[in-house]
file my_file.cif (mmCIF, C-alpha atoms, pLDDT in the B column; chains and numbers go by the auth columns)
data_target
#
loop_
_atom_site.group_PDB
_atom_site.id
_atom_site.type_symbol
_atom_site.label_atom_id
_atom_site.label_comp_id
_atom_site.label_asym_id
_atom_site.label_seq_id
_atom_site.Cartn_x
_atom_site.Cartn_y
_atom_site.Cartn_z
_atom_site.B_iso_or_equiv
_atom_site.auth_seq_id
_atom_site.auth_asym_id
ATOM 1 C CA GLU A 1 0.000 0.000 0.000 96.00 1 A
ATOM 2 C CA THR A 2 2.890 2.320 0.745 97.00 2 A
ATOM 3 C CA ASP A 3 3.937 2.187 -2.909 97.00 3 A
ATOM 4 C CA PHE A 4 0.511 3.411 -4.021 98.00 4 A
ATOM 5 C CA GLN A 5 0.610 6.159 -1.412 98.00 5 A
ATOM 6 C CA LYS A 6 4.037 7.273 -2.659 98.00 6 A
ATOM 7 C CA MET A 7 2.986 7.112 -6.315 98.00 7 A
ATOM 8 C CA SER A 8 -0.062 9.247 -5.581 98.00 8 A
ATOM 9 C CA ALA A 9 2.039 11.767 -3.667 98.00 9 A
ATOM 10 C CA ALA A 10 4.398 11.931 -6.670 98.00 10 A
ATOM 11 C CA GLY A 11 1.493 12.697 -9.006 98.00 11 A
ATOM 12 C CA ILE A 12 1.330 9.294 -10.703 98.00 12 A
ATOM 13 C CA ASN A 13 -2.261 8.620 -11.693 97.00 13 A
ATOM 14 C CA ALA A 14 -2.055 5.279 -13.555 98.00 14 A
ATOM 15 C CA VAL A 15 -0.130 2.009 -13.360 97.00 15 A
ATOM 16 C CA ARG A 16 0.184 -0.942 -15.701 97.00 16 A
ATOM 17 C CA VAL A 17 -0.205 -4.248 -13.869 97.00 17 A
ATOM 18 C CA PRO A 18 1.171 -7.317 -15.684 96.00 18 A
ATOM 19 C CA ILE A 19 -1.003 -10.400 -15.195 97.00 19 A
ATOM 20 C CA GLY A 20 -0.627 -14.059 -16.004 95.00 20 A
ATOM 21 C CA TRP A 21 -3.534 -15.958 -17.548 95.00 21 A
ATOM 22 C CA TRP A 22 -3.547 -18.363 -14.587 95.00 22 A
ATOM 23 C CA SER A 23 -3.846 -15.835 -11.741 96.00 23 A
ATOM 24 C CA ILE A 24 -7.579 -15.302 -12.168 96.00 24 A
ATOM 25 C CA TYR A 25 -8.133 -18.958 -11.220 95.00 25 A
ATOM 26 C CA ASN A 26 -6.663 -18.603 -7.708 93.00 26 A
ATOM 27 C CA THR A 27 -10.179 -18.741 -6.255 91.00 27 A
ATOM 28 C CA PHE A 28 -10.321 -22.359 -7.449 91.00 28 A
ATOM 29 C CA GLY A 29 -6.968 -23.216 -5.897 90.00 29 A
ATOM 30 C CA GLY A 30 -5.194 -22.539 -9.188 90.00 30 A
ATOM 31 C CA ALA A 31 -5.717 -23.168 -12.878 89.00 31 A
ATOM 32 C CA SER A 32 -5.042 -26.878 -12.412 89.00 32 A
ATOM 33 C CA ASN A 33 -8.171 -27.126 -10.206 89.00 33 A
ATOM 34 C CA ALA A 34 -10.454 -24.860 -12.267 89.00 34 A
ATOM 35 C CA SER A 35 -13.012 -26.190 -14.733 90.00 35 A
ATOM 36 C CA LEU A 36 -11.533 -24.506 -17.782 90.00 36 A
ATOM 37 C CA LEU A 37 -13.482 -24.421 -21.019 92.00 37 A
ATOM 38 C CA TYR A 38 -10.142 -24.617 -22.811 90.00 38 A
ATOM 39 C CA PRO A 39 -7.716 -26.632 -20.668 87.00 39 A
ATOM 40 C CA VAL A 40 -4.058 -26.017 -21.402 89.00 40 A
ATOM 41 C CA SER A 41 -0.814 -27.367 -20.049 83.00 41 A
ATOM 42 C CA PRO A 42 1.106 -26.515 -18.002 79.00 42 A
ATOM 43 C CA ASN A 43 -1.419 -25.167 -15.558 82.00 43 A
ATOM 44 C CA ASN A 44 0.276 -25.811 -12.226 82.00 44 A
ATOM 45 C CA TYR A 45 1.372 -22.241 -11.532 86.00 45 A
ATOM 46 C CA THR A 46 1.815 -20.944 -7.999 85.00 46 A
ATOM 47 C CA VAL A 47 -1.362 -19.476 -6.524 89.00 47 A
ATOM 48 C CA GLY A 48 -1.728 -16.340 -4.451 91.00 48 A
ATOM 49 C CA SER A 49 -1.288 -13.456 -6.847 94.00 49 A
ATOM 50 C CA LEU A 50 -5.015 -12.745 -7.268 97.00 50 A
ATOM 51 C CA SER A 51 -5.411 -11.529 -3.699 96.00 51 A
ATOM 52 C CA PHE A 52 -2.536 -9.127 -4.326 96.00 52 A
ATOM 53 C CA ILE A 53 -4.204 -7.857 -7.515 98.00 53 A
ATOM 54 C CA ASP A 54 -7.407 -7.369 -5.493 98.00 54 A
ATOM 55 C CA SER A 55 -5.431 -5.385 -2.912 98.00 55 A
ATOM 56 C CA MET A 56 -3.874 -3.265 -5.654 98.00 56 A
ATOM 57 C CA PHE A 57 -7.367 -2.279 -6.799 98.00 57 A
ATOM 58 C CA ASP A 58 -8.289 -1.302 -3.230 98.00 58 A
ATOM 59 C CA TRP A 59 -5.130 0.777 -2.856 98.00 59 A
ATOM 60 C CA ALA A 60 -5.556 2.313 -6.303 98.00 60 A
ATOM 61 C CA GLU A 61 -9.085 3.399 -5.438 98.00 61 A
ATOM 62 C CA LYS A 62 -7.920 4.788 -2.088 98.00 62 A
ATOM 63 C CA TYR A 63 -5.135 6.847 -3.708 98.00 63 A
ATOM 64 C CA SER A 64 -6.910 7.772 -6.980 98.00 64 A
ATOM 65 C CA ILE A 65 -4.686 5.732 -9.267 98.00 65 A
ATOM 66 C CA ALA A 66 -6.032 3.946 -12.342 98.00 66 A
ATOM 67 C CA ILE A 67 -5.019 0.380 -13.241 98.00 67 A
ATOM 68 C CA LEU A 68 -4.381 -0.957 -16.727 97.00 68 A
ATOM 69 C CA LEU A 69 -4.383 -4.768 -16.583 98.00 69 A
ATOM 70 C CA CYS A 70 -1.911 -6.197 -19.097 97.00 70 A
ATOM 71 C CA MET A 71 -2.072 -9.832 -20.231 97.00 71 A
ATOM 72 C CA HIS A 72 1.632 -10.343 -19.827 95.00 72 A
ATOM 73 C CA ALA A 73 1.769 -14.132 -19.995 94.00 73 A
ATOM 74 C CA ALA A 74 -0.719 -16.003 -22.180 95.00 74 A
ATOM 75 C CA PRO A 75 -0.986 -19.782 -22.495 94.00 75 A
ATOM 76 C CA GLY A 76 1.572 -21.098 -24.959 92.00 76 A
ATOM 77 C CA ALA A 77 3.531 -17.810 -24.694 91.00 77 A
ATOM 78 C CA GLN A 78 2.890 -14.921 -27.084 94.00 78 A
ATOM 79 C CA ASN A 79 6.618 -14.267 -27.467 91.00 79 A
ATOM 80 C CA THR A 80 9.878 -16.050 -26.713 90.00 80 A
ATOM 81 C CA ALA A 81 10.855 -13.996 -23.653 90.00 81 A
ATOM 82 C CA ASP A 82 10.764 -15.553 -20.217 85.00 82 A
ATOM 83 C CA HIS A 83 8.221 -12.972 -18.998 87.00 83 A
ATOM 84 C CA SER A 84 5.580 -14.546 -21.265 86.00 84 A
ATOM 85 C CA SER A 85 6.009 -17.884 -19.480 84.00 85 A
ATOM 86 C CA PRO A 86 6.936 -20.107 -22.421 81.00 86 A
ATOM 87 C CA ILE A 87 6.490 -23.850 -22.010 81.00 87 A
ATOM 88 C CA ILE A 88 9.944 -24.356 -23.526 82.00 88 A
ATOM 89 C CA ASN A 89 12.337 -21.486 -22.987 86.00 89 A
ATOM 90 C CA GLY A 90 12.730 -19.462 -26.170 89.00 90 A
ATOM 91 C CA GLN A 91 9.592 -20.794 -27.897 89.00 91 A
ATOM 92 C CA GLN A 92 6.287 -19.063 -28.499 92.00 92 A
ATOM 93 C CA ASN A 93 3.356 -21.244 -29.475 93.00 93 A
ATOM 94 C CA TRP A 94 0.351 -19.042 -28.694 93.00 94 A
ATOM 95 C CA ASP A 95 -0.607 -18.517 -32.350 93.00 95 A
ATOM 96 C CA LYS A 96 -0.072 -22.153 -33.322 93.00 96 A
ATOM 97 C CA ASN A 97 -2.898 -23.586 -31.225 92.00 97 A
ATOM 98 C CA ALA A 98 -6.443 -22.197 -31.082 94.00 98 A
ATOM 99 C CA THR A 99 -6.839 -23.652 -27.587 94.00 99 A
ATOM 100 C CA TYR A 100 -4.190 -21.217 -26.320 94.00 100 A
ATOM 101 C CA GLN A 101 -6.004 -18.279 -27.888 96.00 101 A
ATOM 102 C CA ASN A 102 -9.372 -19.414 -26.525 96.00 102 A
ATOM 103 C CA ALA A 103 -7.907 -19.983 -23.058 95.00 103 A
ATOM 104 C CA THR A 104 -6.517 -16.439 -23.144 96.00 104 A
ATOM 105 C CA LEU A 105 -9.973 -15.126 -24.040 97.00 105 A
ATOM 106 C CA GLU A 106 -11.509 -17.148 -21.209 97.00 106 A
ATOM 107 C CA SER A 107 -9.007 -15.663 -18.763 97.00 107 A
ATOM 108 C CA ILE A 108 -9.539 -12.090 -20.014 97.00 108 A
ATOM 109 C CA GLU A 109 -13.290 -12.566 -19.636 97.00 109 A
ATOM 110 C CA HIS A 110 -12.857 -13.661 -16.005 97.00 110 A
ATOM 111 C CA TYR A 111 -10.661 -10.633 -15.283 98.00 111 A
ATOM 112 C CA ALA A 112 -13.263 -8.355 -16.899 97.00 112 A
ATOM 113 C CA LYS A 113 -16.042 -9.885 -14.787 97.00 113 A
ATOM 114 C CA ARG A 114 -14.039 -9.622 -11.578 98.00 114 A
ATOM 115 C CA TYR A 115 -12.932 -6.010 -11.959 98.00 115 A
ATOM 116 C CA ALA A 116 -15.720 -4.471 -14.085 97.00 116 A
ATOM 117 C CA ASN A 117 -17.168 -2.478 -11.206 95.00 117 A
ATOM 118 C CA LYS A 118 -13.897 -1.286 -9.757 97.00 118 A
ATOM 119 C CA SER A 119 -13.555 2.452 -10.169 96.00 119 A
ATOM 120 C CA ALA A 120 -9.778 2.101 -10.516 97.00 120 A
ATOM 121 C CA LEU A 121 -10.056 -0.052 -13.660 97.00 121 A
ATOM 122 C CA LEU A 122 -8.681 1.968 -16.547 97.00 122 A
ATOM 123 C CA GLY A 123 -8.759 -0.873 -19.061 96.00 123 A
ATOM 124 C CA PHE A 124 -6.904 -3.829 -20.544 97.00 124 A
ATOM 125 C CA ALA A 125 -3.797 -4.341 -22.623 96.00 125 A
ATOM 126 C CA LEU A 126 -4.863 -7.463 -24.462 96.00 126 A
ATOM 127 C CA LEU A 127 -1.480 -9.092 -25.076 96.00 127 A
ATOM 128 C CA ASN A 128 1.993 -7.923 -24.084 94.00 128 A
ATOM 129 C CA GLU A 129 4.572 -7.769 -26.878 93.00 129 A
ATOM 130 C CA PRO A 130 3.147 -10.458 -29.151 93.00 130 A
ATOM 131 C CA SER A 131 5.500 -11.874 -31.754 92.00 131 A
ATOM 132 C CA THR A 132 2.938 -14.035 -33.483 90.00 132 A
ATOM 133 C CA SER A 133 1.431 -14.367 -36.920 90.00 133 A
ATOM 134 C CA ILE A 134 -1.167 -11.707 -37.714 93.00 134 A
ATOM 135 C CA PRO A 135 -4.367 -13.710 -38.468 94.00 135 A
ATOM 136 C CA PRO A 136 -4.741 -15.396 -35.037 94.00 136 A
ATOM 137 C CA LEU A 137 -3.703 -12.187 -33.285 95.00 137 A
ATOM 138 C CA GLN A 138 -6.263 -10.149 -35.207 95.00 138 A
ATOM 139 C CA SER A 139 -8.945 -12.744 -34.474 96.00 139 A
ATOM 140 C CA TYR A 140 -8.065 -12.660 -30.775 96.00 140 A
ATOM 141 C CA TYR A 141 -8.319 -8.871 -30.638 96.00 141 A
ATOM 142 C CA LEU A 142 -11.665 -8.879 -32.450 96.00 142 A
ATOM 143 C CA ARG A 143 -13.067 -11.464 -30.036 97.00 143 A
ATOM 144 C CA ALA A 144 -11.562 -9.978 -26.855 97.00 144 A
ATOM 145 C CA TYR A 145 -13.000 -6.499 -27.333 95.00 145 A
ATOM 146 C CA PRO A 146 -16.698 -7.480 -27.110 95.00 146 A
ATOM 147 C CA LEU A 147 -15.959 -9.932 -24.270 95.00 147 A
ATOM 148 C CA ILE A 148 -14.590 -7.093 -22.177 96.00 148 A
ATOM 149 C CA ARG A 149 -17.282 -4.636 -23.226 95.00 149 A
ATOM 150 C CA GLN A 150 -20.105 -6.934 -22.108 95.00 150 A
ATOM 151 C CA TYR A 151 -18.872 -6.532 -18.507 96.00 151 A
ATOM 152 C CA VAL A 152 -16.991 -3.238 -18.510 95.00 152 A
ATOM 153 C CA THR A 153 -19.423 -0.713 -19.902 89.00 153 A
ATOM 154 C CA ASN A 154 -17.755 2.553 -18.918 86.00 154 A
ATOM 155 C CA ASP A 155 -15.619 2.940 -22.067 83.00 155 A
ATOM 156 C CA PRO A 156 -12.483 1.157 -20.881 86.00 156 A
ATOM 157 C CA ILE A 157 -9.200 1.726 -22.631 90.00 157 A
ATOM 158 C CA ILE A 158 -8.281 -1.366 -24.604 91.00 158 A
ATOM 159 C CA VAL A 159 -4.677 -1.482 -25.773 91.00 159 A
ATOM 160 C CA ILE A 160 -3.781 -3.455 -28.881 86.00 160 A
ATOM 161 C CA ASN A 161 -0.107 -3.770 -29.795 79.00 161 A
#
call {"tool": "encode", "arguments": {"input": "my_file.cif", "output": "structure tokens"}}
result
Amino acid sequence: ETDFQKMSAAGINAVRVPIGWWSIYNTFGGASNASLLYPVSPNNYTVGSLSFIDSMFDWAEKYSIAILLCMHAAPGAQNTADHSSPIINGQQNWDKNATYQNATLESIEHYAKRYANKSALLGFALLNEPSTSIPPLQSYYLRAYPLIRQYVTNDPIIVIN
């Protein structure tokens, strides 16, 4: 909380919060225990980050800071960097398997449902630094936008890169 207090005092009014696709399933004891419409592997990530994201929204509201949620690590990895959580280091497979894309959409939808009514929600960055082929990426963006908008109706910012 102290960080949000200091950011507010410094005049910072927005933060980008990187999220992993699996964090939203912490309420089920992790993605490995959730009934996923599009099961992917691996799904045995450490749980606990969702409560911290919840706290960040509380602190952001308290200190008038907006949050941009950024899908930083999608199933199958959207780029080859370690921050996208590749199954095999140096490989991205997100665009090679529709299940990965659908699982990312499912996760984004859960995030949108969970945080739709939070006043600190600025919006969503749909996929961090994708290095994928264009057709599946374009399809993902076109499907993600209305998923978010059905829950977040206050004109959220949606970042496409």
call {"tool": "resolve_selection", "arguments": {"input": "my_file.cif", "expression": "the PyMOL selection byres ((chain A and resi 19) around 8)", "output": "NGL selection string"}}
result
:A and (17-18 or 20-21 or 23 or 69-73)
call {"tool": "write_last_selection", "arguments": {"input": "my_file.cif", "atoms": "C-alpha atoms", "output": "PDB file, in the coordinates of the input"}}
result
ATOM      1  CA  VAL A  17      -0.205  -4.248 -13.869  1.00 97.00           C
ATOM      2  CA  PRO A  18       1.171  -7.317 -15.684  1.00 96.00           C
ATOM      3  CA  GLY A  20      -0.627 -14.059 -16.004  1.00 95.00           C
ATOM      4  CA  TRP A  21      -3.534 -15.958 -17.548  1.00 95.00           C
ATOM      5  CA  SER A  23      -3.846 -15.835 -11.741  1.00 96.00           C
ATOM      6  CA  LEU A  69      -4.383  -4.768 -16.583  1.00 98.00           C
ATOM      7  CA  CYS A  70      -1.911  -6.197 -19.097  1.00 97.00           C
ATOM      8  CA  MET A  71      -2.072  -9.832 -20.231  1.00 97.00           C
ATOM      9  CA  HIS A  72       1.632 -10.343 -19.827  1.00 95.00           C
ATOM     10  CA  ALA A  73       1.769 -14.132 -19.995  1.00 94.00           C
TER      11      ALA A  73
END
call {"tool": "closest_atom_pairs", "arguments": {"input": "my_file.cif", "of": "segment 1-113 of chain A", "to": "segment 137-158 of chain A", "cutoff": "8 Å", "atoms": "only C-alpha atoms", "output": "tab-separated table"}}
result
residue	atom	partner	partner_atom	distance
A:Asp95	CA	A:Leu137	CA	7.1
A:Gln101	CA	A:Tyr140	CA	6.6
A:Leu105	CA	A:Ala144	CA	6.1
A:Ile108	CA	A:Ile148	CA	7.4
A:Glu109	CA	A:Leu147	CA	6.0
A:Ala112	CA	A:Ile148	CA	5.6
A:Lys113	CA	A:Tyr151	CA	5.8
call {"tool": "atom_distance", "arguments": {"input": "my_file.cif", "atom1": "atom CA of Lys6 of chain A", "atom2": "atom CA of Lys118 of chain A"}}
result
21.1 Å
call {"tool": "resolve_selection", "arguments": {"input": "my_file.cif", "expression": "the PyMOL selection byres ((chain A and resi 34) around 12)", "output": "PyMOL selection string"}}
result
chain A and resi 22-33+35-40+43-44+106-107
call {"tool": "write_last_selection", "arguments": {"input": "my_file.cif", "atoms": "C-alpha atoms", "output": "PDB file, keeping the file's coordinate frame"}}
result
ATOM      1  CA  TRP A  22      -3.547 -18.363 -14.587  1.00 95.00           C
ATOM      2  CA  SER A  23      -3.846 -15.835 -11.741  1.00 96.00           C
ATOM      3  CA  ILE A  24      -7.579 -15.302 -12.168  1.00 96.00           C
ATOM      4  CA  TYR A  25      -8.133 -18.958 -11.220  1.00 95.00           C
ATOM      5  CA  ASN A  26      -6.663 -18.603  -7.708  1.00 93.00           C
ATOM      6  CA  THR A  27     -10.179 -18.741  -6.255  1.00 91.00           C
ATOM      7  CA  PHE A  28     -10.321 -22.359  -7.449  1.00 91.00           C
ATOM      8  CA  GLY A  29      -6.968 -23.216  -5.897  1.00 90.00           C
ATOM      9  CA  GLY A  30      -5.194 -22.539  -9.188  1.00 90.00           C
ATOM     10  CA  ALA A  31      -5.717 -23.168 -12.878  1.00 89.00           C
ATOM     11  CA  SER A  32      -5.042 -26.878 -12.412  1.00 89.00           C
ATOM     12  CA  ASN A  33      -8.171 -27.126 -10.206  1.00 89.00           C
ATOM     13  CA  SER A  35     -13.012 -26.190 -14.733  1.00 90.00           C
ATOM     14  CA  LEU A  36     -11.533 -24.506 -17.782  1.00 90.00           C
ATOM     15  CA  LEU A  37     -13.482 -24.421 -21.019  1.00 92.00           C
ATOM     16  CA  TYR A  38     -10.142 -24.617 -22.811  1.00 90.00           C
ATOM     17  CA  PRO A  39      -7.716 -26.632 -20.668  1.00 87.00           C
ATOM     18  CA  VAL A  40      -4.058 -26.017 -21.402  1.00 89.00           C
ATOM     19  CA  ASN A  43      -1.419 -25.167 -15.558  1.00 82.00           C
ATOM     20  CA  ASN A  44       0.276 -25.811 -12.226  1.00 82.00           C
ATOM     21  CA  GLU A 106     -11.509 -17.148 -21.209  1.00 97.00           C
ATOM     22  CA  SER A 107      -9.007 -15.663 -18.763  1.00 97.00           C
TER      23      SER A 107
END
call {"tool": "resolve_selection", "arguments": {"input": "my_file.cif", "expression": "the PyMOL selection byres ((chain A and resi 159) around 9)", "output": "list in words"}}
result
Cys70, Gly123, Phe124, Ala125, Leu126, Leu127, Ile157, Ile158, Ile160 and Asn161 of chain A
call {"tool": "write_last_selection", "arguments": {"input": "my_file.cif", "atoms": "C-alpha atoms", "output": "tab-separated table (two decimals), in the coordinates of the input"}}
result
chain	number	residue	atom	x	y	z
A	70	CYS	CA	-1.91	-6.20	-19.10
A	123	GLY	CA	-8.76	-0.87	-19.06
A	124	PHE	CA	-6.90	-3.83	-20.54
A	125	ALA	CA	-3.80	-4.34	-22.62
A	126	LEU	CA	-4.86	-7.46	-24.46
A	127	LEU	CA	-1.48	-9.09	-25.08
A	157	ILE	CA	-9.20	1.73	-22.63
A	158	ILE	CA	-8.28	-1.37	-24.60
A	160	ILE	CA	-3.78	-3.46	-28.88
A	161	ASN	CA	-0.11	-3.77	-29.80
call {"tool": "closest_residue", "arguments": {"input": "my_file.cif", "among": "A:Val47, A:Ala103, A:Ala14, A:Ala116", "to": "Leu68 of chain A", "atoms": "only C-alpha atoms"}}
result
A:Ala14
call {"tool": "closest_residue", "arguments": {"input": "my_file.cif", "among": "A:Leu121, A:Ala74, A:Ile87, A:Ala81", "to": "Val15 of chain A", "atoms": "only C-alpha atoms"}}
result
A:Leu121
call {"tool": "closest_residue", "arguments": {"input": "my_file.cif", "among": "A:Gly48, A:Pro75, A:Gly11, A:Pro135", "to": "Asn102 of chain A", "atoms": "all atoms listed in the file"}}
result
A:Pro75
call {"tool": "closest_residue", "arguments": {"input": "my_file.cif", "among": "A:Asn97, A:Ile88, A:Tyr111, A:Ala120", "to": "Asn13 of chain A", "atoms": "all atoms listed in the file"}}
result
A:Ala120
call {"tool": "residues_around", "arguments": {"input": "my_file.cif", "residues": "Gly90 of chain A", "least_positions_apart": "4", "cutoff": "9 Å", "atoms": "all atoms listed in the file", "output": "list in words"}}
result
Asn79, Thr80, Ala81, Asp82 and Pro86 of chain A
call {"tool": "write_last_selection", "arguments": {"input": "my_file.cif", "atoms": "C-alpha atoms", "output": "compact mmCIF listing (two decimals), keeping the file's coordinate frame"}}
result
# COMPACT_ATOMS: atom_id res chain seq x y z
CA ASN A 79 6.62 -14.27 -27.47
CA THR A 80 9.88 -16.05 -26.71
CA ALA A 81 10.86 -14.00 -23.65
CA ASP A 82 10.76 -15.55 -20.22
CA PRO A 86 6.94 -20.11 -22.42
call {"tool": "closest_residue", "arguments": {"input": "my_file.cif", "among": "A:Ala77, A:Ile12, A:Ala98, A:Ile65", "to": "Pro42 of chain A", "atoms": "all atoms listed in the file"}}
result
A:Ala77
call {"tool": "atom_distance", "arguments": {"input": "my_file.cif", "atom1": "atom CA of Ala9 of chain A", "atom2": "atom CA of Ser119 of chain A"}}
result
19.3 Å
call {"tool": "atom_distance", "arguments": {"input": "my_file.cif", "atom1": "atom CA of Ser84 of chain A", "atom2": "atom CA of Ser131 of chain A"}}
result
10.8 Å
